[in-house]
file data.pdb (PDB, C-alpha atoms)
ATOM      1  CA  MET O  29     -10.911  16.185   2.520  1.00  0.00           C
ATOM      2  CA  ALA O  30     -12.566  18.074  -0.289  1.00  0.00           C
ATOM      3  CA  THR O  31     -14.793  15.341  -1.522  1.00  0.00           C
ATOM      4  CA  GLU O  32     -18.266  15.378  -2.886  1.00  0.00           C
ATOM      5  CA  ASP O  33     -20.647  13.218  -4.821  1.00  0.00           C
ATOM      6  CA  VAL O  34     -19.407  13.203  -8.373  1.00  0.00           C
ATOM      7  CA  ARG O  35     -20.655   9.924  -9.781  1.00  0.00           C
ATOM      8  CA  PRO O  36     -24.277   9.013  -9.323  1.00  0.00           C
ATOM      9  CA  ALA O  37     -25.021   5.317  -9.055  1.00  0.00           C
ATOM     10  CA  GLY O  38     -24.987   3.715 -12.453  1.00  0.00           C
ATOM     11  CA  HIS O  39     -22.935   6.453 -13.999  1.00  0.00           C
ATOM     12  CA  PRO O  40     -20.649   4.927 -16.621  1.00  0.00           C
ATOM     13  CA  LEU O  41     -17.736   7.241 -15.884  1.00  0.00           C
ATOM     14  CA  ARG O  42     -14.933   5.322 -14.184  1.00  0.00           C
ATOM     15  CA  ARG O  43     -11.176   5.482 -13.931  1.00  0.00           C
ATOM     16  CA  LEU O  44     -11.134   9.142 -15.002  1.00  0.00           C
ATOM     17  CA  GLY O  45      -8.636   8.498 -17.713  1.00  0.00           C
ATOM     18  CA  ALA O  46      -6.360   6.279 -15.642  1.00  0.00           C
ATOM     19  CA  ARG O  47      -5.429   3.022 -17.267  1.00  0.00           C
ATOM     20  CA  ARG O  48      -6.047  -0.037 -15.174  1.00  0.00           C
ATOM     21  CA  TRP O  49      -2.983  -1.752 -16.536  1.00  0.00           C
ATOM     22  CA  PRO O  50       0.133  -0.035 -17.886  1.00  0.00           C
ATOM     23  CA  ARG O  51       0.622  -0.292 -21.588  1.00  0.00           C
ATOM     24  CA  ARG O  52       3.516  -2.207 -23.023  1.00  0.00           C
ATOM     25  CA  ASN O  53       6.246   0.285 -23.748  1.00  0.00           C
ATOM     26  CA  GLY O  54       8.025  -1.639 -26.462  1.00  0.00           C
ATOM     27  CA  HIS O  55      11.124  -2.451 -24.421  1.00  0.00           C
ATOM     28  CA  PRO O  56      10.624  -6.045 -23.301  1.00  0.00           C
ATOM     29  CA  ALA O  57      14.358  -6.703 -22.904  1.00  0.00           C
ATOM     30  CA  ARG O  58      14.817  -3.652 -20.717  1.00  0.00           C
ATOM     31  CA  ASP O  59      11.735  -4.511 -18.673  1.00  0.00           C
ATOM     32  CA  ALA O  60      12.974  -8.065 -18.188  1.00  0.00           C
ATOM     33  CA  LEU O  61      16.358  -6.744 -17.079  1.00  0.00           C
ATOM     34  CA  ILE O  62      14.764  -4.364 -14.570  1.00  0.00           C
ATOM     35  CA  GLY O  63      12.491  -7.141 -13.322  1.00  0.00           C
ATOM     36  CA  ALA O  64      15.435  -9.467 -12.837  1.00  0.00           C
ATOM     37  CA  GLY O  65      17.320  -6.719 -11.046  1.00  0.00           C
ATOM     38  CA  LEU O  66      14.403  -6.121  -8.682  1.00  0.00           C
ATOM     39  CA  VAL O  67      14.056  -9.844  -7.955  1.00  0.00           C
ATOM     40  CA  GLY O  68      17.792 -10.075  -7.296  1.00  0.00           C
ATOM     41  CA  TYR O  69      17.731  -7.036  -5.056  1.00  0.00           C
ATOM     42  CA  ALA O  70      14.742  -8.395  -3.116  1.00  0.00           C
ATOM     43  CA  TRP O  71      16.505 -11.747  -2.706  1.00  0.00           C
ATOM     44  CA  ILE O  72      19.653 -10.103  -1.340  1.00  0.00           C
ATOM     45  CA  ALA O  73      17.711  -7.691   0.884  1.00  0.00           C
ATOM     46  CA  GLY O  74      15.650 -10.601   2.196  1.00  0.00           C
ATOM     47  CA  SER O  75      18.800 -12.322   3.398  1.00  0.00           C
ATOM     48  CA  THR O  76      19.822  -9.487   5.717  1.00  0.00           C
ATOM     49  CA  ALA O  77      19.349  -9.932   9.430  1.00  0.00           C
ATOM     50  CA  PRO O  78      16.742  -7.713  11.112  1.00  0.00           C
ATOM     51  CA  PHE O  79      18.121  -4.845  13.198  1.00  0.00           C
ATOM     52  CA  SER O  80      21.369  -4.926  11.202  1.00  0.00           C
ATOM     53  CA  GLY O  81      23.014  -2.102   9.317  1.00  0.00           C
ATOM     54  CA  LYS O  82      22.670  -4.043   6.063  1.00  0.00           C
ATOM     55  CA  ALA O  83      18.923  -4.380   6.588  1.00  0.00           C
ATOM     56  CA  LEU O  84      18.648  -0.651   7.154  1.00  0.00           C
ATOM     57  CA  VAL O  85      20.673   0.129   4.036  1.00  0.00           C
ATOM     58  CA  SER O  86      18.563  -2.324   2.018  1.00  0.00           C
ATOM     59  CA  VAL O  87      15.457  -0.213   2.679  1.00  0.00           C
ATOM     60  CA  LEU O  88      17.231   3.140   2.566  1.00  0.00           C
ATOM     61  CA  ILE O  89      18.462   2.567  -1.011  1.00  0.00           C
ATOM     62  CA  PRO O  90      15.009   1.993  -2.576  1.00  0.00           C
ATOM     63  CA  GLY O  91      13.634   4.908  -0.572  1.00  0.00           C
ATOM     64  CA  ALA O  92      16.367   7.213  -1.819  1.00  0.00           C
ATOM     65  CA  VAL O  93      16.095   5.995  -5.413  1.00  0.00           C
ATOM     66  CA  LEU O  94      12.321   6.284  -5.591  1.00  0.00           C
ATOM     67  CA  GLY O  95      12.405   9.630  -3.791  1.00  0.00           C
ATOM     68  CA  ALA O  96      14.906  10.928  -6.338  1.00  0.00           C
ATOM     69  CA  ILE O  97      12.792   9.607  -9.211  1.00  0.00           C
ATOM     70  CA  ALA O  98       9.569  11.008  -7.741  1.00  0.00           C
ATOM     71  CA  TYR O  99      10.957  14.509  -7.324  1.00  0.00           C
ATOM     72  CA  GLY O 100      13.881  14.646  -9.732  1.00  0.00           C
ATOM     73  CA  ARG O 101      12.708  12.830 -12.794  1.00  0.00           C
ATOM     74  CA  PRO O 102       9.116  11.670 -12.337  1.00  0.00           C
ATOM     75  CA  PRO O 103       7.690   9.221 -14.852  1.00  0.00           C
ATOM     76  CA  GLU O 104       4.426   9.812 -16.669  1.00  0.00           C
ATOM     77  CA  ARG O 105       1.856   9.872 -13.895  1.00  0.00           C
ATOM     78  CA  LEU O 106      -1.543   8.238 -13.992  1.00  0.00           C
ATOM     79  CA  PRO O 107      -4.241  10.909 -13.905  1.00  0.00           C
ATOM     80  CA  ALA O 108      -5.720  11.255 -10.430  1.00  0.00           C
ATOM     81  CA  PRO O 109      -9.393  12.061  -9.915  1.00  0.00           C
ATOM     82  CA  ASP O 110     -10.236  15.694  -9.226  1.00  0.00           C
ATOM     83  CA  LYS O 111     -12.871  14.725  -6.701  1.00  0.00           C
ATOM     84  CA  LEU O 112     -13.882  11.658  -4.780  1.00  0.00           C
ATOM     85  CA  ASP O 113     -17.330  10.433  -3.888  1.00  0.00           C
ATOM     86  CA  ILE O 114     -17.679  11.206  -0.159  1.00  0.00           C
ATOM     87  CA  THR O 115     -19.931   8.214   0.441  1.00  0.00           C
ATOM     88  CA  GLY O 116     -17.546   5.860  -1.307  1.00  0.00           C
ATOM     89  CA  VAL O 117     -14.569   7.251   0.570  1.00  0.00           C
ATOM     90  CA  SER O 118     -16.377   6.898   3.887  1.00  0.00           C
ATOM     91  CA  TYR O 119     -16.380   3.104   3.530  1.00  0.00           C
ATOM     92  CA  TRP O 120     -12.596   3.173   3.298  1.00  0.00           C
ATOM     93  CA  LEU O 121     -12.278   5.599   6.195  1.00  0.00           C
ATOM     94  CA  ILE O 122     -14.481   3.503   8.470  1.00  0.00           C
ATOM     95  CA  CYS O 123     -12.517   0.337   7.726  1.00  0.00           C
ATOM     96  CA  LEU O 124      -9.140   2.031   8.098  1.00  0.00           C
ATOM     97  CA  ALA O 125     -10.222   3.679  11.367  1.00  0.00           C
ATOM     98  CA  ALA O 126     -11.389   0.308  12.672  1.00  0.00           C
ATOM     99  CA  GLY O 127      -8.061  -1.225  11.668  1.00  0.00           C
ATOM    100  CA  PHE O 128      -6.099   1.506  13.420  1.00  0.00           C
ATOM    101  CA  GLU O 129      -8.249   1.085  16.522  1.00  0.00           C
ATOM    102  CA  TRP O 130      -7.733  -2.682  16.494  1.00  0.00           C
ATOM    103  CA  GLU O 131      -3.968  -2.192  16.104  1.00  0.00           C
ATOM    104  CA  ALA O 132      -3.827   0.585  18.690  1.00  0.00           C
ATOM    105  CA  SER O 133      -5.587  -1.528  21.292  1.00  0.00           C
ATOM    106  CA  ALA O 134      -2.999  -4.265  20.757  1.00  0.00           C
ATOM    107  CA  PHE O 135      -0.191  -1.729  20.937  1.00  0.00           C
ATOM    108  CA  LYS O 136      -1.654  -0.241  24.123  1.00  0.00           C
ATOM    109  CA  ASP O 137      -1.750  -3.709  25.679  1.00  0.00           C
ATOM    110  CA  ASN O 138       1.931  -4.065  24.836  1.00  0.00           C
ATOM    111  CA  SER O 139       1.192  -6.666  22.156  1.00  0.00           C
ATOM    112  CA  LEU O 140       0.693  -9.465  24.611  1.00  0.00           C
ATOM    113  CA  SER O 141       0.143 -12.887  23.173  1.00  0.00           C
ATOM    114  CA  TRP O 142      -3.552 -12.680  23.981  1.00  0.00           C
ATOM    115  CA  HIS O 143      -3.929  -9.500  21.892  1.00  0.00           C
ATOM    116  CA  PRO O 144      -1.085  -9.465  19.353  1.00  0.00           C
ATOM    117  CA  SER O 145      -0.475  -6.516  17.083  1.00  0.00           C
ATOM    118  CA  LEU O 146      -0.453  -6.919  13.309  1.00  0.00           C
ATOM    119  CA  THR O 147       3.339  -6.674  13.355  1.00  0.00           C
ATOM    120  CA  ASN O 148       3.587  -9.524  15.858  1.00  0.00           C
ATOM    121  CA  LEU O 149       1.395 -11.646  13.622  1.00  0.00           C
ATOM    122  CA  ILE O 150       3.172 -10.810  10.367  1.00  0.00           C
ATOM    123  CA  ASN O 151       6.805 -10.952  11.481  1.00  0.00           C
ATOM    124  CA  PRO O 152       6.884 -14.750  11.990  1.00  0.00           C
ATOM    125  CA  LEU O 153       5.349 -15.184   8.535  1.00  0.00           C
ATOM    126  CA  LEU O 154       8.194 -13.131   7.050  1.00  0.00           C
ATOM    127  CA  ASP O 155      10.923 -15.240   8.633  1.00  0.00           C
ATOM    128  CA  PRO O 156      11.523 -17.652   5.704  1.00  0.00           C
ATOM    129  CA  HIS O 157      13.928 -16.092   3.222  1.00  0.00           C
ATOM    130  CA  PRO O 158      11.774 -16.639   0.088  1.00  0.00           C
ATOM    131  CA  VAL O 159       8.697 -15.165   1.780  1.00  0.00           C
ATOM    132  CA  ARG O 160      10.664 -12.173   3.048  1.00  0.00           C
ATOM    133  CA  SER O 161      12.161 -11.594  -0.396  1.00  0.00           C
ATOM    134  CA  ALA O 162       8.754 -11.854  -2.043  1.00  0.00           C
ATOM    135  CA  ALA O 163       7.360  -9.329   0.444  1.00  0.00           C
ATOM    136  CA  ILE O 164      10.237  -6.960  -0.291  1.00  0.00           C
ATOM    137  CA  LEU O 165       9.574  -7.336  -4.015  1.00  0.00           C
ATOM    138  CA  VAL O 166       5.915  -6.460  -3.462  1.00  0.00           C
ATOM    139  CA  TRP O 167       7.019  -3.468  -1.381  1.00  0.00           C
ATOM    140  CA  LEU O 168       9.338  -2.288  -4.168  1.00  0.00           C
ATOM    141  CA  LEU O 169       6.621  -2.654  -6.801  1.00  0.00           C
ATOM    142  CA  ALA O 170       4.167  -0.812  -4.554  1.00  0.00           C
ATOM    143  CA  GLY O 171       6.692   2.003  -4.245  1.00  0.00           C
ATOM    144  CA  TRP O 172       7.005   2.206  -8.011  1.00  0.00           C
ATOM    145  CA  GLY O 173       3.225   2.196  -8.284  1.00  0.00           C
ATOM    146  CA  LEU O 174       3.061   5.139  -5.886  1.00  0.00           C
ATOM    147  CA  VAL O 175       5.683   7.085  -7.821  1.00  0.00           C
ATOM    148  CA  ARG O 176       3.499   6.767 -10.907  1.00  0.00           C
ATOM    149  CA  ARG O 177       0.514   8.184  -9.017  1.00  0.00           C
TER     150      ARG O 177
ATOM    151  CA  MET M  25     -12.435 -18.982  21.548  1.00  0.00           C
ATOM    152  CA  THR M  26      -9.420 -17.228  23.067  1.00  0.00           C
ATOM    153  CA  THR M  27      -8.839 -13.479  22.864  1.00  0.00           C
ATOM    154  CA  ARG M  28      -5.818 -14.172  20.631  1.00  0.00           C
ATOM    155  CA  VAL M  29      -8.051 -15.919  18.112  1.00  0.00           C
ATOM    156  CA  ILE M  30     -10.571 -13.090  18.319  1.00  0.00           C
ATOM    157  CA  THR M  31      -7.784 -10.601  17.591  1.00  0.00           C
ATOM    158  CA  ILE M  32      -6.601 -12.588  14.580  1.00  0.00           C
ATOM    159  CA  VAL M  33     -10.165 -12.989  13.303  1.00  0.00           C
ATOM    160  CA  GLY M  34     -10.608  -9.224  13.647  1.00  0.00           C
ATOM    161  CA  PHE M  35      -7.542  -8.507  11.522  1.00  0.00           C
ATOM    162  CA  ALA M  36      -8.593 -11.132   8.976  1.00  0.00           C
ATOM    163  CA  PHE M  37     -12.095  -9.675   8.786  1.00  0.00           C
ATOM    164  CA  LEU M  38     -10.811  -6.145   8.254  1.00  0.00           C
ATOM    165  CA  THR M  39      -8.398  -7.361   5.577  1.00  0.00           C
ATOM    166  CA  ALA M  40     -11.228  -9.178   3.818  1.00  0.00           C
ATOM    167  CA  VAL M  41     -13.392  -6.049   3.912  1.00  0.00           C
ATOM    168  CA  LEU M  42     -10.585  -3.923   2.456  1.00  0.00           C
ATOM    169  CA  ILE M  43     -10.099  -6.434  -0.373  1.00  0.00           C
ATOM    170  CA  ALA M  44     -13.855  -6.468  -0.966  1.00  0.00           C
ATOM    171  CA  LEU M  45     -13.908  -2.651  -1.160  1.00  0.00           C
ATOM    172  CA  GLU M  46     -11.152  -2.745  -3.776  1.00  0.00           C
ATOM    173  CA  VAL M  47     -12.989  -5.377  -5.808  1.00  0.00           C
ATOM    174  CA  ILE M  48     -16.267  -3.454  -5.591  1.00  0.00           C
ATOM    175  CA  GLY M  49     -14.451  -0.214  -6.431  1.00  0.00           C
ATOM    176  CA  ARG M  50     -13.232  -1.732  -9.696  1.00  0.00           C
ATOM    177  CA  ARG M  51     -16.763  -2.291 -10.916  1.00  0.00           C
ATOM    178  CA  ARG M  52     -17.630   0.207 -13.581  1.00  0.00           C
ATOM    179  CA  THR M  53     -20.720   1.552 -11.829  1.00  0.00           C
ATOM    180  CA  SER M  54     -19.258   1.693  -8.337  1.00  0.00           C
ATOM    181  CA  ARG M  55     -19.105   4.934  -6.354  1.00  0.00           C
ATOM    182  CA  ILE M  56     -16.397   3.503  -4.127  1.00  0.00           C
ATOM    183  CA  PRO M  57     -12.940   4.627  -5.268  1.00  0.00           C
ATOM    184  CA  THR M  58     -10.155   2.101  -5.657  1.00  0.00           C
ATOM    185  CA  VAL M  59      -7.011   2.331  -3.549  1.00  0.00           C
ATOM    186  CA  GLY M  60      -5.192   3.774  -6.553  1.00  0.00           C
ATOM    187  CA  GLU M  61      -7.822   6.460  -7.013  1.00  0.00           C
ATOM    188  CA  TRP M  62      -7.905   7.732  -3.451  1.00  0.00           C
ATOM    189  CA  LEU M  63      -4.149   7.449  -3.093  1.00  0.00           C
ATOM    190  CA  GLY M  64      -3.775   9.358  -6.346  1.00  0.00           C
ATOM    191  CA  TYR M  65      -6.143  11.985  -5.015  1.00  0.00           C
ATOM    192  CA  LEU M  66      -4.151  12.325  -1.792  1.00  0.00           C
ATOM    193  CA  MET M  67      -0.919  12.518  -3.811  1.00  0.00           C
ATOM    194  CA  ARG M  68      -2.011  15.439  -5.943  1.00  0.00           C
ATOM    195  CA  PRO M  69      -0.479  18.071  -3.629  1.00  0.00           C
ATOM    196  CA  ARG M  70       3.272  17.877  -3.162  1.00  0.00           C
ATOM    197  CA  VAL M  71       3.016  17.412   0.594  1.00  0.00           C
ATOM    198  CA  GLY M  72       0.527  14.566   0.187  1.00  0.00           C
ATOM    199  CA  ARG M  73       2.869  12.884  -2.259  1.00  0.00           C
ATOM    200  CA  ALA M  74       5.746  13.197   0.209  1.00  0.00           C
ATOM    201  CA  LEU M  75       3.714  11.849   3.120  1.00  0.00           C
ATOM    202  CA  ILE M  76       2.382   8.848   1.202  1.00  0.00           C
ATOM    203  CA  LEU M  77       5.882   7.967  -0.041  1.00  0.00           C
ATOM    204  CA  LEU M  78       7.191   8.385   3.498  1.00  0.00           C
ATOM    205  CA  GLY M  79       4.487   6.023   4.739  1.00  0.00           C
ATOM    206  CA  TRP M  80       5.506   3.483   2.105  1.00  0.00           C
ATOM    207  CA  TRP M  81       9.130   3.743   3.170  1.00  0.00           C
ATOM    208  CA  TRP M  82       8.184   3.435   6.853  1.00  0.00           C
ATOM    209  CA  LEU M  83       6.351   0.195   6.129  1.00  0.00           C
ATOM    210  CA  GLY M  84       9.499  -1.233   4.516  1.00  0.00           C
ATOM    211  CA  TRP M  85      11.651  -0.110   7.400  1.00  0.00           C
ATOM    212  CA  HIS M  86       9.202  -1.422   9.980  1.00  0.00           C
ATOM    213  CA  TYR M  87       8.822  -4.886   8.492  1.00  0.00           C
ATOM    214  CA  PHE M  88      12.181  -5.505   6.812  1.00  0.00           C
ATOM    215  CA  ALA M  89      14.799  -3.557   8.749  1.00  0.00           C
ATOM    216  CA  ARG M  90      13.707  -4.122  12.317  1.00  0.00           C
TER     217      ARG M  90
END

call {"tool": "encode", "arguments": {"input": "data.pdb", "output": "structure tokens"}}
result
Amino acid sequence: MATEDVRPAGHPLRRLGARRWPRRNGHPARDALIGAGLVGYAWIAGSTAPFSGKALVSVLIPGAVLGAIAYGRPPERLPAPDKLDITGVSYWLICLAAGFEWEASAFKDNSLSWHPSLTNLINPLLDPHPVRSAAILVWLLAGWGLVRR
Amino acid sequence: MTTRVITIVGFAFLTAVLIALEVIGRRRTSRIPTVGEWLGYLMRPRVGRALILLGWWWLGWHYFAR
């Protein structure tokens, strides 16, 4: 990763032009309609049974739509930083590596009950329909957030 | 304390640290990038953008379709 120290401690430069929150675009009715559509889609997708064809289609559709938007008609993207502070990034890398190691050790042990994987812990939490739908909504919004990056 | 509890505490601890990094990264004087910043950096090249979006889709498939 081509990173280097770019912001000394105390330097006021942050965000590099990226807005922390998106501006209102002047289309509240359209936004409300899209929001309602996403909530409805998440509710329907959350009702599908795992390992079913409907469940697969319910995640294929957002993937295809966002993929088409990302490469066919991308929205205005938030400016990304040209460089990252290597020290700051290292904190993330250490934590993510530790998380992967923790997950891999559970996976290696076949996710036994005495060392469950993250998936084994999260899946029961996602069983209730409202929780599953809310998680799908968060996933959809995260996907949109990534497309704007 | 059973090994199951230790495992759960480990995941909870790591999650808490990741949240703390994001909160610290949002401070104006912080050198730690936010998730959005380092993801944006990784998504600058076309292949990085494709891989990150693929990872997002995989998460949805993993947790919601199977």

call {"tool": "closest_residue", "arguments": {"input": "data.pdb", "among": "M:Thr39, M:Val29, M:Pro69, M:Ala89", "to": "chain O", "atoms": "only C-alpha atoms"}}
result
M:Ala89

call {"tool": "closest_atom_pairs", "arguments": {"input": "data.pdb", "of": "chain M", "to": "chain O", "cutoff": "8 Å", "atoms": "only C-alpha atoms", "output": "JSON lines"}}
result
{"residue": "M:Thr26", "atom": "CA", "partner": "O:Trp142", "partner_atom": "CA", "distance": 7.5}
{"residue": "M:Thr27", "atom": "CA", "partner": "O:Trp142", "partner_atom": "CA", "distance": 5.5}
{"residue": "M:Arg28", "atom": "CA", "partner": "O:Trp142", "partner_atom": "CA", "distance": 4.3}
{"residue": "M:Thr31", "atom": "CA", "partner": "O:His143", "partner_atom": "CA", "distance": 5.9}
{"residue": "M:Ile32", "atom": "CA", "partner": "O:Pro144", "partner_atom": "CA", "distance": 7.9}
{"residue": "M:Gly34", "atom": "CA", "partner": "O:Trp130", "partner_atom": "CA", "distance": 7.7}
{"residue": "M:Phe35", "atom": "CA", "partner": "O:Gly127", "partner_atom": "CA", "distance": 7.3}
{"residue": "M:Leu38", "atom": "CA", "partner": "O:Gly127", "partner_atom": "CA", "distance": 6.6}
{"residue": "M:Val41", "atom": "CA", "partner": "O:Cys123", "partner_atom": "CA", "distance": 7.5}
{"residue": "M:Leu42", "atom": "CA", "partner": "O:Cys123", "partner_atom": "CA", "distance": 7.0}
{"residue": "M:Leu45", "atom": "CA", "partner": "O:Trp120", "partner_atom": "CA", "distance": 7.5}
{"residue": "M:Arg52", "atom": "CA", "partner": "O:Arg42", "partner_atom": "CA", "distance": 5.8}
{"residue": "M:Thr53", "atom": "CA", "partner": "O:Gly38", "partner_atom": "CA", "distance": 4.8}
{"residue": "M:Ser54", "atom": "CA", "partner": "O:Ala37", "partner_atom": "CA", "distance": 6.8}
{"residue": "M:Arg55", "atom": "CA", "partner": "O:Gly116", "partner_atom": "CA", "distance": 5.4}
{"residue": "M:Ile56", "atom": "CA", "partner": "O:Gly116", "partner_atom": "CA", "distance": 3.9}
{"residue": "M:Pro57", "atom": "CA", "partner": "O:Gly116", "partner_atom": "CA", "distance": 6.2}
{"residue": "M:Gly60", "atom": "CA", "partner": "O:Arg177", "partner_atom": "CA", "distance": 7.6}
{"residue": "M:Glu61", "atom": "CA", "partner": "O:Ala108", "partner_atom": "CA", "distance": 6.3}
{"residue": "M:Trp62", "atom": "CA", "partner": "O:Leu112", "partner_atom": "CA", "distance": 7.3}
{"residue": "M:Leu63", "atom": "CA", "partner": "O:Arg177", "partner_atom": "CA", "distance": 7.6}
{"residue": "M:Gly64", "atom": "CA", "partner": "O:Ala108", "partner_atom": "CA", "distance": 4.9}
{"residue": "M:Tyr65", "atom": "CA", "partner": "O:Ala108", "partner_atom": "CA", "distance": 5.5}
{"residue": "M:Met67", "atom": "CA", "partner": "O:Arg177", "partner_atom": "CA", "distance": 6.9}
{"residue": "M:Arg68", "atom": "CA", "partner": "O:Ala108", "partner_atom": "CA", "distance": 7.2}
{"residue": "M:Leu77", "atom": "CA", "partner": "O:Leu174", "partner_atom": "CA", "distance": 7.1}
{"residue": "M:Trp80", "atom": "CA", "partner": "O:Gly171", "partner_atom": "CA", "distance": 6.6}
{"residue": "M:Trp81", "atom": "CA", "partner": "O:Gly91", "partner_atom": "CA", "distance": 6.0}
{"residue": "M:Gly84", "atom": "CA", "partner": "O:Val87", "partner_atom": "CA", "distance": 6.3}
{"residue": "M:Trp85", "atom": "CA", "partner": "O:Val87", "partner_atom": "CA", "distance": 6.1}
{"residue": "M:Tyr87", "atom": "CA", "partner": "O:Asn151", "partner_atom": "CA", "distance": 7.1}
{"residue": "M:Phe88", "atom": "CA", "partner": "O:Pro78", "partner_atom": "CA", "distance": 6.6}
{"residue": "M:Ala89", "atom": "CA", "partner": "O:Ala83", "partner_atom": "CA", "distance": 4.7}
{"residue": "M:Arg90", "atom": "CA", "partner": "O:Phe79", "partner_atom": "CA", "distance": 4.6}

call {"tool": "axis_aligned_box", "arguments": {"input": "data.pdb", "around": "stretch 30-45 of chain M", "padding_each_side": "5 Å", "output": "lines of an AutoDock Vina configuration file"}}
result
center_x = -10.3
center_y = -7.9
center_z = 8.6
size_x = 17.3
size_y = 20.4
size_z = 29.5

call {"tool": "atom_distance", "arguments": {"input": "data.pdb", "atom1": "atom CA of O:Val166", "atom2": "atom CA of O:Lys136"}}
result
29.3 Å

call {"tool": "residues_around", "arguments": {"input": "data.pdb", "residues": "O:Leu66", "least_positions_apart": "4", "cutoff": "7 Å", "atoms": "only C-alpha atoms", "output": "JSON, numbers by chain"}}
result
{"O": [62, 70, 165]}

call {"tool": "atom_distance", "arguments": {"input": "data.pdb", "atom1": "atom CA of O:Ser75", "atom2": "atom CA of O:Pro158"}}
result
8.9 Å

call {"tool": "build_atoms", "arguments": {"input": "data.pdb", "residues": "stretch 69-85 of chain M", "atoms": "N, CA and C atoms", "output": "PDB file, keeping the file's coordinate frame"}}
result
ATOM      1  N   PRO M  69      -1.371  17.015  -4.147  1.00  0.00           N
ATOM      2  CA  PRO M  69      -0.479  18.071  -3.629  1.00  0.00           C
ATOM      3  C   PRO M  69       0.891  17.487  -3.303  1.00  0.00           C
ATOM      4  N   ARG M  70       1.889  18.325  -3.367  1.00  0.00           N
ATOM      5  CA  ARG M  70       3.272  17.877  -3.162  1.00  0.00           C
ATOM      6  C   ARG M  70       3.478  17.278  -1.770  1.00  0.00           C
ATOM      7  N   VAL M  71       2.829  17.906  -0.768  1.00  0.00           N
ATOM      8  CA  VAL M  71       3.016  17.412   0.594  1.00  0.00           C
ATOM      9  C   VAL M  71       2.351  16.046   0.772  1.00  0.00           C
ATOM     10  N   GLY M  72       1.195  15.863   0.117  1.00  0.00           N
ATOM     11  CA  GLY M  72       0.527  14.566   0.187  1.00  0.00           C
ATOM     12  C   GLY M  72       1.371  13.483  -0.446  1.00  0.00           C
ATOM     13  N   ARG M  73       1.991  13.834  -1.559  1.00  0.00           N
ATOM     14  CA  ARG M  73       2.869  12.884  -2.259  1.00  0.00           C
ATOM     15  C   ARG M  73       4.034  12.483  -1.349  1.00  0.00           C
ATOM     16  N   ALA M  74       4.608  13.477  -0.676  1.00  0.00           N
ATOM     17  CA  ALA M  74       5.746  13.197   0.209  1.00  0.00           C
ATOM     18  C   ALA M  74       5.314  12.320   1.381  1.00  0.00           C
ATOM     19  N   LEU M  75       4.161  12.611   1.951  1.00  0.00           N
ATOM     20  CA  LEU M  75       3.714  11.849   3.120  1.00  0.00           C
ATOM     21  C   LEU M  75       3.372  10.401   2.757  1.00  0.00           C
ATOM     22  N   ILE M  76       2.731  10.217   1.615  1.00  0.00           N
ATOM     23  CA  ILE M  76       2.382   8.848   1.202  1.00  0.00           C
ATOM     24  C   ILE M  76       3.657   8.054   0.917  1.00  0.00           C
ATOM     25  N   LEU M  77       4.617   8.664   0.234  1.00  0.00           N
ATOM     26  CA  LEU M  77       5.882   7.967  -0.041  1.00  0.00           C
ATOM     27  C   LEU M  77       6.632   7.684   1.253  1.00  0.00           C
ATOM     28  N   LEU M  78       6.549   8.611   2.197  1.00  0.00           N
ATOM     29  CA  LEU M  78       7.191   8.385   3.498  1.00  0.00           C
ATOM     30  C   LEU M  78       6.518   7.214   4.219  1.00  0.00           C
ATOM     31  N   GLY M  79       5.213   7.144   4.132  1.00  0.00           N
ATOM     32  CA  GLY M  79       4.487   6.023   4.739  1.00  0.00           C
ATOM     33  C   GLY M  79       4.881   4.703   4.115  1.00  0.00           C
ATOM     34  N   TRP M  80       5.049   4.697   2.799  1.00  0.00           N
ATOM     35  CA  TRP M  80       5.506   3.483   2.105  1.00  0.00           C
ATOM     36  C   TRP M  80       6.890   3.082   2.607  1.00  0.00           C
ATOM     37  N   TRP M  81       7.779   4.062   2.706  1.00  0.00           N
ATOM     38  CA  TRP M  81       9.130   3.743   3.170  1.00  0.00           C
ATOM     39  C   TRP M  81       9.101   3.248   4.605  1.00  0.00           C
ATOM     40  N   TRP M  82       8.267   3.849   5.450  1.00  0.00           N
ATOM     41  CA  TRP M  82       8.184   3.435   6.853  1.00  0.00           C
ATOM     42  C   TRP M  82       7.742   1.972   6.946  1.00  0.00           C
ATOM     43  N   LEU M  83       6.798   1.596   6.116  1.00  0.00           N
ATOM     44  CA  LEU M  83       6.351   0.195   6.129  1.00  0.00           C
ATOM     45  C   LEU M  83       7.525  -0.742   5.839  1.00  0.00           C
ATOM     46  N   GLY M  84       8.337  -0.417   4.842  1.00  0.00           N
ATOM     47  CA  GLY M  84       9.499  -1.233   4.516  1.00  0.00           C
ATOM     48  C   GLY M  84      10.479  -1.288   5.667  1.00  0.00           C
ATOM     49  N   TRP M  85      10.723  -0.147   6.265  1.00  0.00           N
ATOM     50  CA  TRP M  85      11.651  -0.110   7.400  1.00  0.00           C
ATOM     51  C   TRP M  85      11.101  -0.927   8.569  1.00  0.00           C
TER      52      TRP M  85
END
